[in-house]
file model.pdb (PDB, C-alpha atoms)
ATOM      1  CA  ARG T 219       8.480 -28.098  26.619
ATOM      2  CA  MET T 220       5.361 -26.180  27.530
ATOM      3  CA  CYS T 221       3.974 -23.387  25.406
ATOM      4  CA  ASP T 222       1.355 -20.853  26.455
ATOM      5  CA  HIS T 223       0.016 -19.620  23.113
ATOM      6  CA  GLY T 224      -2.342 -22.562  22.622
ATOM      7  CA  HIS T 225      -2.909 -24.967  19.784
ATOM      8  CA  GLY T 226      -5.967 -25.791  17.754
ATOM      9  CA  GLY T 227      -4.971 -29.221  16.452
ATOM     10  CA  ASP T 228      -3.698 -30.229  13.055
ATOM     11  CA  GLY T 229      -7.064 -30.455  11.319
ATOM     12  CA  GLY T 230      -7.050 -27.397   9.096
ATOM     13  CA  GLY T 231      -9.588 -28.579   6.559
ATOM     14  CA  CYS T 232      -7.572 -26.910   3.813
ATOM     15  CA  ALA T 233      -4.729 -29.328   3.162
ATOM     16  CA  HIS T 234      -5.995 -29.938  -0.367
ATOM     17  CA  SER T 235      -5.587 -26.329  -1.458
ATOM     18  CA  ALA T 236      -1.832 -26.584  -1.928
ATOM     19  CA  GLN T 237      -2.335 -29.497  -4.319
ATOM     20  CA  GLU T 238      -4.669 -27.423  -6.490
ATOM     21  CA  LEU T 239      -1.860 -25.040  -7.349
ATOM     22  CA  PRO T 240       0.875 -25.533  -9.928
ATOM     23  CA  PRO T 241       3.982 -27.062  -8.335
ATOM     24  CA  ALA T 242       6.522 -24.576  -7.034
ATOM     25  CA  ALA T 243       9.043 -23.848  -9.756
ATOM     26  CA  VAL T 244      12.655 -22.816  -9.744
ATOM     27  CA  ILE T 245      12.562 -19.301 -11.153
ATOM     28  CA  GLU T 246      15.397 -16.818 -11.335
ATOM     29  CA  GLY T 247      15.115 -13.097 -11.912
ATOM     30  CA  ILE T 248      11.787 -12.565 -10.126
ATOM     31  CA  ARG T 249      11.708  -9.455  -8.003
ATOM     32  CA  TYR T 250      10.768 -10.143  -4.380
ATOM     33  CA  ASP T 251      10.613  -6.468  -3.449
ATOM     34  CA  MET T 252       7.182  -6.154  -1.814
ATOM     35  CA  GLY T 253       8.843  -6.155   1.583
ATOM     36  CA  ARG T 254       9.319  -2.436   0.946
ATOM     37  CA  ALA T 255       5.531  -2.021   0.976
ATOM     38  CA  VAL T 256       5.248  -3.483   4.491
ATOM     39  CA  ASP T 257       4.629  -1.010   7.315
ATOM     40  CA  ILE T 258       7.589  -2.246   9.343
ATOM     41  CA  ASP T 259       6.728  -0.343  12.532
ATOM     42  CA  LYS T 260       3.381  -2.158  12.764
ATOM     43  CA  VAL T 261       4.630  -5.700  12.097
ATOM     44  CA  THR T 262       3.860  -8.133  14.925
ATOM     45  CA  ILE T 263       5.218 -11.670  15.319
ATOM     46  CA  LEU T 264       3.936 -14.077  17.945
ATOM     47  CA  ASN T 265       6.192 -16.658  19.619
ATOM     48  CA  GLU T 266       9.446 -15.085  18.426
ATOM     49  CA  THR T 267      12.609 -15.541  20.471
ATOM     50  CA  GLN T 268      13.881 -12.028  19.828
ATOM     51  CA  ALA T 269      11.448  -9.117  19.726
ATOM     52  CA  ASN T 270      11.042  -7.156  16.492
ATOM     53  CA  SER T 271      12.634  -9.792  14.249
ATOM     54  CA  GLY T 272      10.381  -8.904  11.305
ATOM     55  CA  PRO T 273      12.774  -6.522   9.539
ATOM     56  CA  LEU T 274      15.529  -9.142   9.837
ATOM     57  CA  ILE T 275      13.770 -11.494   7.398
ATOM     58  CA  LEU T 276      12.211  -8.843   5.128
ATOM     59  CA  LYS T 277      15.632  -8.126   3.687
ATOM     60  CA  GLU T 278      16.588  -7.240   0.134
ATOM     61  CA  TRP T 279      16.913 -10.083  -2.365
ATOM     62  CA  ASP T 280      20.662  -9.584  -2.730
ATOM     63  CA  ASP T 281      21.012 -10.018   1.040
ATOM     64  CA  ARG T 282      18.909 -13.185   1.268
ATOM     65  CA  MET T 283      21.928 -15.388   2.039
ATOM     66  CA  ASP T 284      22.934 -13.223   5.018
ATOM     67  CA  ARG T 285      22.651 -15.457   8.090
ATOM     68  CA  THR T 286      23.319 -12.747  10.697
ATOM     69  CA  GLY T 287      19.677 -11.669  10.833
ATOM     70  CA  PHE T 288      16.958 -14.287  11.394
ATOM     71  CA  LEU T 289      13.602 -15.064  12.963
ATOM     72  CA  GLU T 290      13.348 -17.990  15.390
ATOM     73  CA  SER T 291      10.360 -19.332  17.279
ATOM     74  CA  ASP T 292      10.468 -19.484  21.050
ATOM     75  CA  CYS T 293       8.739 -22.296  22.922
ATOM     76  CA  ASP T 294       7.737 -24.541  20.019
ATOM     77  CA  GLU T 295       7.810 -24.675  16.206
ATOM     78  CA  GLU T 296       4.951 -22.251  15.524
ATOM     79  CA  LEU T 297       5.220 -18.637  14.346
ATOM     80  CA  LEU T 298       2.490 -16.122  13.507
ATOM     81  CA  ILE T 299       3.644 -13.220  11.336
ATOM     82  CA  ASN T 300       1.272 -10.248  10.912
ATOM     83  CA  LEU T 301       2.306  -8.041   7.982
ATOM     84  CA  PRO T 302       0.382  -4.768   7.459
ATOM     85  CA  PHE T 303       1.068  -2.950   4.182
ATOM     86  CA  LYS T 304       1.294   0.788   3.568
ATOM     87  CA  GLY T 305      -1.553   0.558   1.050
ATOM     88  CA  ASN T 306      -3.452  -1.936  -1.057
ATOM     89  CA  VAL T 307      -1.206  -4.479  -2.736
ATOM     90  CA  ARG T 308      -1.408  -7.551  -4.917
ATOM     91  CA  ILE T 309       0.749 -10.464  -3.731
ATOM     92  CA  SER T 310       1.319 -13.033  -6.469
ATOM     93  CA  GLY T 311       4.000 -15.224  -4.901
ATOM     94  CA  LEU T 312       6.520 -15.691  -2.142
ATOM     95  CA  CYS T 313       9.918 -17.184  -1.429
ATOM     96  CA  LEU T 314      11.186 -18.395   1.927
ATOM     97  CA  ILE T 315      14.614 -19.409   3.183
ATOM     98  CA  GLY T 316      14.740 -21.391   6.406
ATOM     99  CA  GLU T 317      17.411 -23.062   8.458
ATOM    100  CA  GLU T 318      18.760 -26.236   6.903
ATOM    101  CA  GLY T 319      17.520 -29.400   8.550
ATOM    102  CA  GLU T 320      14.701 -29.884  11.054
ATOM    103  CA  GLN T 321      14.237 -26.174  11.892
ATOM    104  CA  CYS T 322      13.131 -25.307   8.367
ATOM    105  CA  PRO T 323       9.434 -24.317   8.048
ATOM    106  CA  ALA T 324       7.408 -27.148   6.505
ATOM    107  CA  ARG T 325       3.990 -25.528   6.056
ATOM    108  CA  ILE T 326       2.496 -22.054   5.969
ATOM    109  CA  ARG T 327      -1.137 -20.961   6.243
ATOM    110  CA  LEU T 328      -1.995 -17.584   4.714
ATOM    111  CA  PHE T 329      -4.753 -15.227   5.844
ATOM    112  CA  LYS T 330      -5.883 -12.047   4.105
ATOM    113  CA  ASP T 331      -6.910  -8.767   5.794
ATOM    114  CA  ARG T 332      -7.167 -10.069   9.369
ATOM    115  CA  ASP T 333      -5.335  -7.511  11.439
ATOM    116  CA  GLY T 334      -3.853  -8.588  14.779
ATOM    117  CA  MET T 335      -4.490 -12.322  14.549
ATOM    118  CA  SER T 336      -3.672 -14.624  17.468
ATOM    119  CA  PHE T 337      -2.853 -18.337  17.505
ATOM    120  CA  ASP T 338      -6.414 -19.038  18.625
ATOM    121  CA  ASP T 339      -7.709 -17.068  15.632
ATOM    122  CA  ALA T 340      -5.459 -19.008  13.274
ATOM    123  CA  ALA T 341      -6.571 -22.330  14.722
ATOM    124  CA  GLY T 342     -10.249 -21.476  14.370
ATOM    125  CA  LEU T 343     -10.244 -19.950  10.885
ATOM    126  CA  GLN T 344      -9.772 -21.485   7.474
ATOM    127  CA  PRO T 345      -6.853 -19.869   5.625
ATOM    128  CA  GLU T 346      -7.123 -18.399   2.149
ATOM    129  CA  GLN T 347      -4.268 -20.707   1.165
ATOM    130  CA  GLU T 348      -2.112 -23.416   2.673
ATOM    131  CA  ILE T 349       1.279 -24.350   1.225
ATOM    132  CA  ASP T 350       3.550 -27.291   1.960
ATOM    133  CA  LEU T 351       7.133 -26.075   1.752
ATOM    134  CA  LYS T 352      10.310 -27.725   0.571
ATOM    135  CA  ALA T 353      13.773 -27.226   2.006
ATOM    136  CA  ASP T 354      15.205 -24.280   0.081
ATOM    137  CA  PRO T 355      18.462 -22.890   1.525
ATOM    138  CA  THR T 356      19.144 -20.595  -1.464
ATOM    139  CA  GLY T 357      15.709 -19.129  -2.229
ATOM    140  CA  SER T 358      15.345 -20.847  -5.590
ATOM    141  CA  ILE T 359      11.710 -21.966  -5.161
ATOM    142  CA  ASP T 360       8.807 -19.651  -5.935
ATOM    143  CA  TYR T 361       5.425 -20.399  -4.393
ATOM    144  CA  PRO T 362       2.611 -18.807  -6.406
ATOM    145  CA  LEU T 363      -0.407 -17.489  -4.510
ATOM    146  CA  LYS T 364      -4.020 -17.767  -5.608
ATOM    147  CA  ALA T 365      -4.791 -14.745  -7.759
ATOM    148  CA  SER T 366      -8.455 -14.827  -6.746
ATOM    149  CA  LYS T 367      -7.536 -14.527  -3.070
ATOM    150  CA  PHE T 368      -4.578 -12.145  -2.992
ATOM    151  CA  ASN T 369      -5.241  -9.741  -5.872
ATOM    152  CA  SER T 370      -6.013  -6.903  -3.432
ATOM    153  CA  LEU T 371      -5.167  -6.785   0.258
ATOM    154  CA  SER T 372      -3.781  -4.489   2.924
ATOM    155  CA  HIS T 373      -2.729  -7.103   5.500
ATOM    156  CA  LEU T 374      -1.151 -10.564   5.218
ATOM    157  CA  THR T 375      -0.842 -13.045   8.076
ATOM    158  CA  ILE T 376       1.530 -16.004   7.741
ATOM    159  CA  HIS T 377       1.053 -18.888  10.167
ATOM    160  CA  ILE T 378       3.930 -21.355  10.271
ATOM    161  CA  ASP T 379       2.375 -24.312  12.060
ATOM    162  CA  ARG T 380       4.985 -26.999  11.511
ATOM    163  CA  ASN T 381       8.605 -27.612  10.575
ATOM    164  CA  PHE T 382      10.595 -30.731   9.709
ATOM    165  CA  GLY T 383      10.867 -32.006  13.262
ATOM    166  CA  GLY T 384      12.868 -29.382  15.148
ATOM    167  CA  GLU T 385      11.935 -27.985  18.556
ATOM    168  CA  THR T 386      11.984 -24.468  17.096
ATOM    169  CA  THR T 387      11.621 -22.950  13.638
ATOM    170  CA  LYS T 388      14.250 -20.661  12.149
ATOM    171  CA  MET T 389      14.084 -18.601   8.966
ATOM    172  CA  TYR T 390      16.352 -16.053   7.318
ATOM    173  CA  PHE T 391      14.402 -14.588   4.416
ATOM    174  CA  LEU T 392      10.822 -13.923   3.428
ATOM    175  CA  GLY T 393      10.391 -12.528  -0.073
ATOM    176  CA  LEU T 394       7.079 -11.279  -1.444
ATOM    177  CA  ARG T 395       6.444 -10.516  -5.091
ATOM    178  CA  GLY T 396       3.554  -8.536  -6.491
ATOM    179  CA  GLU T 397       2.402  -4.993  -7.158
ATOM    180  CA  TYR T 398       1.652  -1.909  -5.116
ATOM    181  CA  LEU T 399      -1.893  -0.944  -6.089
ATOM    182  CA  GLU T 400      -2.164   2.394  -4.297
ATOM    183  CA  ASP T 401      -0.524   4.184  -7.257
ATOM    184  CA  PHE T 402      -3.188   2.833  -9.605
ATOM    185  CA  ARG T 403      -5.943   3.956  -7.276
ATOM    186  CA  GLN T 404      -4.552   7.467  -7.125
ATOM    187  CA  LYS T 405      -4.533   7.639 -10.908
ATOM    188  CA  VAL T 406      -8.188   6.580 -10.987
ATOM    189  CA  VAL T 407      -9.132   9.244  -8.455
ATOM    190  CA  ILE T 408      -7.317  11.958 -10.414
ATOM    191  CA  ALA T 409      -8.930  10.880 -13.691
ATOM    192  CA  THR T 410     -12.378  10.850 -12.072
ATOM    193  CA  TYR T 411     -11.843  14.277 -10.556
ATOM    194  CA  GLU T 412     -10.765  15.758 -13.878
ATOM    195  CA  ALA T 413     -13.743  14.204 -15.661
ATOM    196  CA  ARG T 414     -16.128  15.704 -13.118
ATOM    197  CA  ALA T 415     -14.448  19.095 -13.262
ATOM    198  CA  ILE T 416     -15.238  19.598 -16.942
ATOM    199  CA  PRO T 417     -19.017  20.138 -16.519
ATOM    200  CA  LYS T 418     -18.359  22.568 -13.664
ATOM    201  CA  ASP T 419     -16.135  24.591 -15.957
ATOM    202  CA  HIS T 420     -18.906  24.717 -18.554
ATOM    203  CA  LYS T 421     -21.426  25.771 -15.945
ATOM    204  CA  GLY T 422     -19.129  28.565 -14.873
ATOM    205  CA  ALA T 423     -19.022  29.845 -18.439
ATOM    206  CA  ILE T 424     -22.793  29.914 -18.929
ATOM    207  CA  PRO T 425     -23.539  33.055 -16.862
ATOM    208  CA  ASP T 426     -20.891  34.970 -18.802
ATOM    209  CA  GLY T 427     -22.556  33.900 -22.011
ATOM    210  CA  LYS T 428     -25.955  35.095 -20.791
ATOM    211  CA  THR T 429     -24.541  38.416 -19.662
ATOM    212  CA  SER T 430     -22.993  39.110 -23.046
ATOM    213  CA  ASP T 431     -26.318  38.245 -24.701
ATOM    214  CA  ILE T 432     -28.112  40.866 -22.575
ATOM    215  CA  TYR T 433     -25.816  43.576 -23.718
TER     216      TYR T 433
END

call {"tool": "encode", "arguments": {"input": "model.pdb", "output": "C-alpha cells"}}
result
Amino acid sequence: RMCDHGHGGDGGGCAHSAQELPPAAVIEGIRYDMGRAVDIDKVTILNETQANSGPLILKEWDDRMDRTGFLESDCDEELLINLPFKGNVRISGLCLIGEEGEQCPARIRLFKDRDGMSFDDAAGLQPEQEIDLKADPTGSIDYPLKASKFNSLSHLTIHIDRNFGGETTKMYFLGLRGEYLEDFRQKVVIATYEARAIPKDHKGAIPDGKTSDIY
C-alpha cells in the first residue's frame, strides 16, 4: 500500500549503538511513572490510525495489560511519537508492550530535544540511541537509555521504523522511568536567592549603624 509520509531508507548509521548497551533485563518493581510528566495536550503522533492515541499508551503501570486502548500505525509500519515534557526530566529507561506477532515494534530510534519532528527529519538525522526490541507482551523487559544522552531533556521523540513483518504496528503501553528535574532546579534557585539576600540584609543594616554612631 502507498504511504505519503516518505521514507529515508534503512541506513541509519547507528545500528551499533544498541549493542554497546547492557542487554535488556527482566526487572520487576521499577516505576514507569514518567508518563505523568508528559504534557499530554501537546503530544503529536505521525501516521496514527486514530487521532490523539498518545494518552492511550501512556497509561499507568497497573493498567499496562489493558488492551482496550492502543496506538496503531496507519498506512505502513512506521510511527513517530513526539513527547514534550512539562519540565526538564531525566529518562533512564523504558518499557514497551506491543501486539503479539508481526505487528509488534521491532526497533525504536530515540531523539532528544527536537520538537515537532517529521519522518523526513527522522530519516536525515542520527538518533541519540537506537534499540532493537524483543517481543514482550507483559512488559517484563527494561531497556536502559544512555545516561550521557538522556540525563536532562524536555522533549523525547520515538521513531518506530520497523516491526516484525506486519503491515501496521500496534502497541498498548509505553512506560518511561526516570526523574523529574524541575523540582531540583527550583531548590537551586531558592538556595541561590537566599544566599544573595544575606549581603543585602547586611547592607540595609549599615546605615542604621552609622546613624547611631553619629548620635

call {"tool": "resolve_selection", "arguments": {"input": "model.pdb", "expression": "the PyMOL selection byres ((chain T and resi 326) around 7)", "output": "ChimeraX atom specification"}}
result
/T:325,327-328,348-350,376-379

call {"tool": "resolve_selection", "arguments": {"input": "model.pdb", "expression": "the PyMOL selection byres ((chain T and resi 254-268) around 9)", "output": "count of residues only"}}
result
35

call {"tool": "atom_distance", "arguments": {"input": "model.pdb", "atom1": "CA of Glu385 in chain T", "atom2": "CA of Pro345 in chain T"}}
result
24.2 Å

call {"tool": "atom_distance", "arguments": {"input": "model.pdb", "atom1": "CA of Leu351 in chain T", "atom2": "CA of Leu399 in chain T"}}
result
27.8 Å

call {"tool": "closest_residue", "arguments": {"input": "model.pdb", "among": "T:Tyr361, T:Gln344, T:Cys313, T:Arg395", "to": "Arg332 in chain T", "atoms": "only C-alpha atoms"}}
result
T:Gln344

call {"tool": "closest_residue", "arguments": {"input": "model.pdb", "among": "T:Asn306, T:Ala353, T:Asp339, T:Gln321", "to": "Leu374 in chain T", "atoms": "all atoms listed in the file"}}
result
T:Asn306

call {"tool": "atom_distance", "arguments": {"input": "model.pdb", "atom1": "CA of Thr375 in chain T", "atom2": "CA of Lys330 in chain T"}}
result
6.5 Å

call {"tool": "residues_around", "arguments": {"input": "model.pdb", "residues": "Met283 in chain T", "least_positions_apart": "5", "cutoff": "9 Å", "atoms": "all atoms listed in the file", "output": "NGL selection string"}}
result
:T and (315 or 355-357 or 390-391)

call {"tool": "closest_residue", "arguments": {"input": "model.pdb", "among": "T:Leu363, T:Leu371, T:Ala324, T:Leu312", "to": "Leu394 in chain T", "atoms": "only C-alpha atoms"}}
result
T:Leu312

call {"tool": "resolve_selection", "arguments": {"input": "model.pdb", "expression": "the PyMOL selection byres ((chain T and resi 320) around 12)", "output": "list of chain:residue names"}}
result
T:Glu295, T:Gly316, T:Glu317, T:Glu318, T:Gly319, T:Gln321, T:Cys322, T:Pro323, T:Ala324, T:Lys352, T:Ala353, T:Arg380, T:Asn381, T:Phe382, T:Gly383, T:Gly384, T:Glu385, T:Thr386, T:Thr387, T:Lys388, T:Met389

call {"tool": "closest_residue", "arguments": {"input": "model.pdb", "among": "T:Gly287, T:Pro362, T:Gly393, T:Gly342", "to": "Leu274 in chain T", "atoms": "all atoms listed in the file"}}
result
T:Gly287

call {"tool": "axis_aligned_box", "arguments": {"input": "model.pdb", "around": "range 370-377 of chain T", "padding_each_side": "3 Å", "output": "JSON"}}
result
{"center_x": -2.2, "center_y": -11.7, "center_z": 3.4, "size_x": 13.5, "size_y": 20.4, "size_z": 19.6}

call {"tool": "closest_residue", "arguments": {"input": "model.pdb", "among": "T:Ile309, T:Met335, T:Ile275, T:Ile248", "to": "Phe368 in chain T", "atoms": "all atoms listed in the file"}}
result
T:Ile309

call {"tool": "decode", "arguments": {"input": "model.pdb", "residues": "range 257-274 of chain T", "atoms": "N, CA and C atoms", "output": "compact mmCIF listing (two decimals), in the first residue's frame"}}
result
# COMPACT_ATOMS: atom_id res chain seq x y z
N ASP T 257 3.50 16.40 28.76
CA ASP T 257 2.45 17.40 28.51
C ASP T 257 1.50 16.81 27.46
N ILE T 258 0.49 16.10 27.94
CA ILE T 258 -0.37 15.29 27.09
C ILE T 258 -1.02 16.11 25.97
N ASP T 259 -1.44 17.33 26.26
CA ASP T 259 -2.14 18.14 25.26
C ASP T 259 -1.25 18.51 24.08
N LYS T 260 0.06 18.40 24.24
CA LYS T 260 0.98 18.79 23.17
C LYS T 260 1.64 17.59 22.49
N VAL T 261 1.24 16.38 22.86
CA VAL T 261 1.77 15.18 22.22
C VAL T 261 1.29 15.10 20.78
N THR T 262 2.20 14.80 19.86
CA THR T 262 1.82 14.58 18.46
C THR T 262 2.37 13.24 18.00
N ILE T 263 1.57 12.51 17.23
CA ILE T 263 1.97 11.21 16.69
C ILE T 263 1.67 11.20 15.20
N LEU T 264 2.68 10.91 14.41
CA LEU T 264 2.51 10.87 12.96
C LEU T 264 2.24 9.45 12.50
N ASN T 265 1.34 9.33 11.54
CA ASN T 265 0.93 8.06 10.92
C ASN T 265 0.12 7.17 11.87
N GLU T 266 -0.65 7.79 12.76
CA GLU T 266 -1.52 7.01 13.64
C GLU T 266 -2.88 6.82 12.99
N THR T 267 -3.49 5.67 13.23
CA THR T 267 -4.81 5.38 12.67
C THR T 267 -5.88 6.25 13.31
N GLN T 268 -5.83 6.34 14.62
CA GLN T 268 -6.81 7.12 15.38
C GLN T 268 -6.10 8.33 15.98
N ALA T 269 -6.66 9.51 15.77
CA ALA T 269 -6.05 10.73 16.27
C ALA T 269 -6.01 10.74 17.80
N ASN T 270 -4.97 11.37 18.33
CA ASN T 270 -4.82 11.55 19.78
C ASN T 270 -4.74 10.23 20.53
N SER T 271 -3.96 9.29 20.01
CA SER T 271 -3.81 7.98 20.67
C SER T 271 -2.75 7.99 21.75
N GLY T 272 -2.00 9.08 21.88
CA GLY T 272 -0.91 9.15 22.85
C GLY T 272 -1.30 8.77 24.27
N PRO T 273 -2.34 9.40 24.83
CA PRO T 273 -2.73 9.06 26.20
C PRO T 273 -3.12 7.60 26.38
N LEU T 274 -3.50 6.93 25.30
CA LEU T 274 -3.95 5.54 25.39
C LEU T 274 -2.80 4.58 25.68
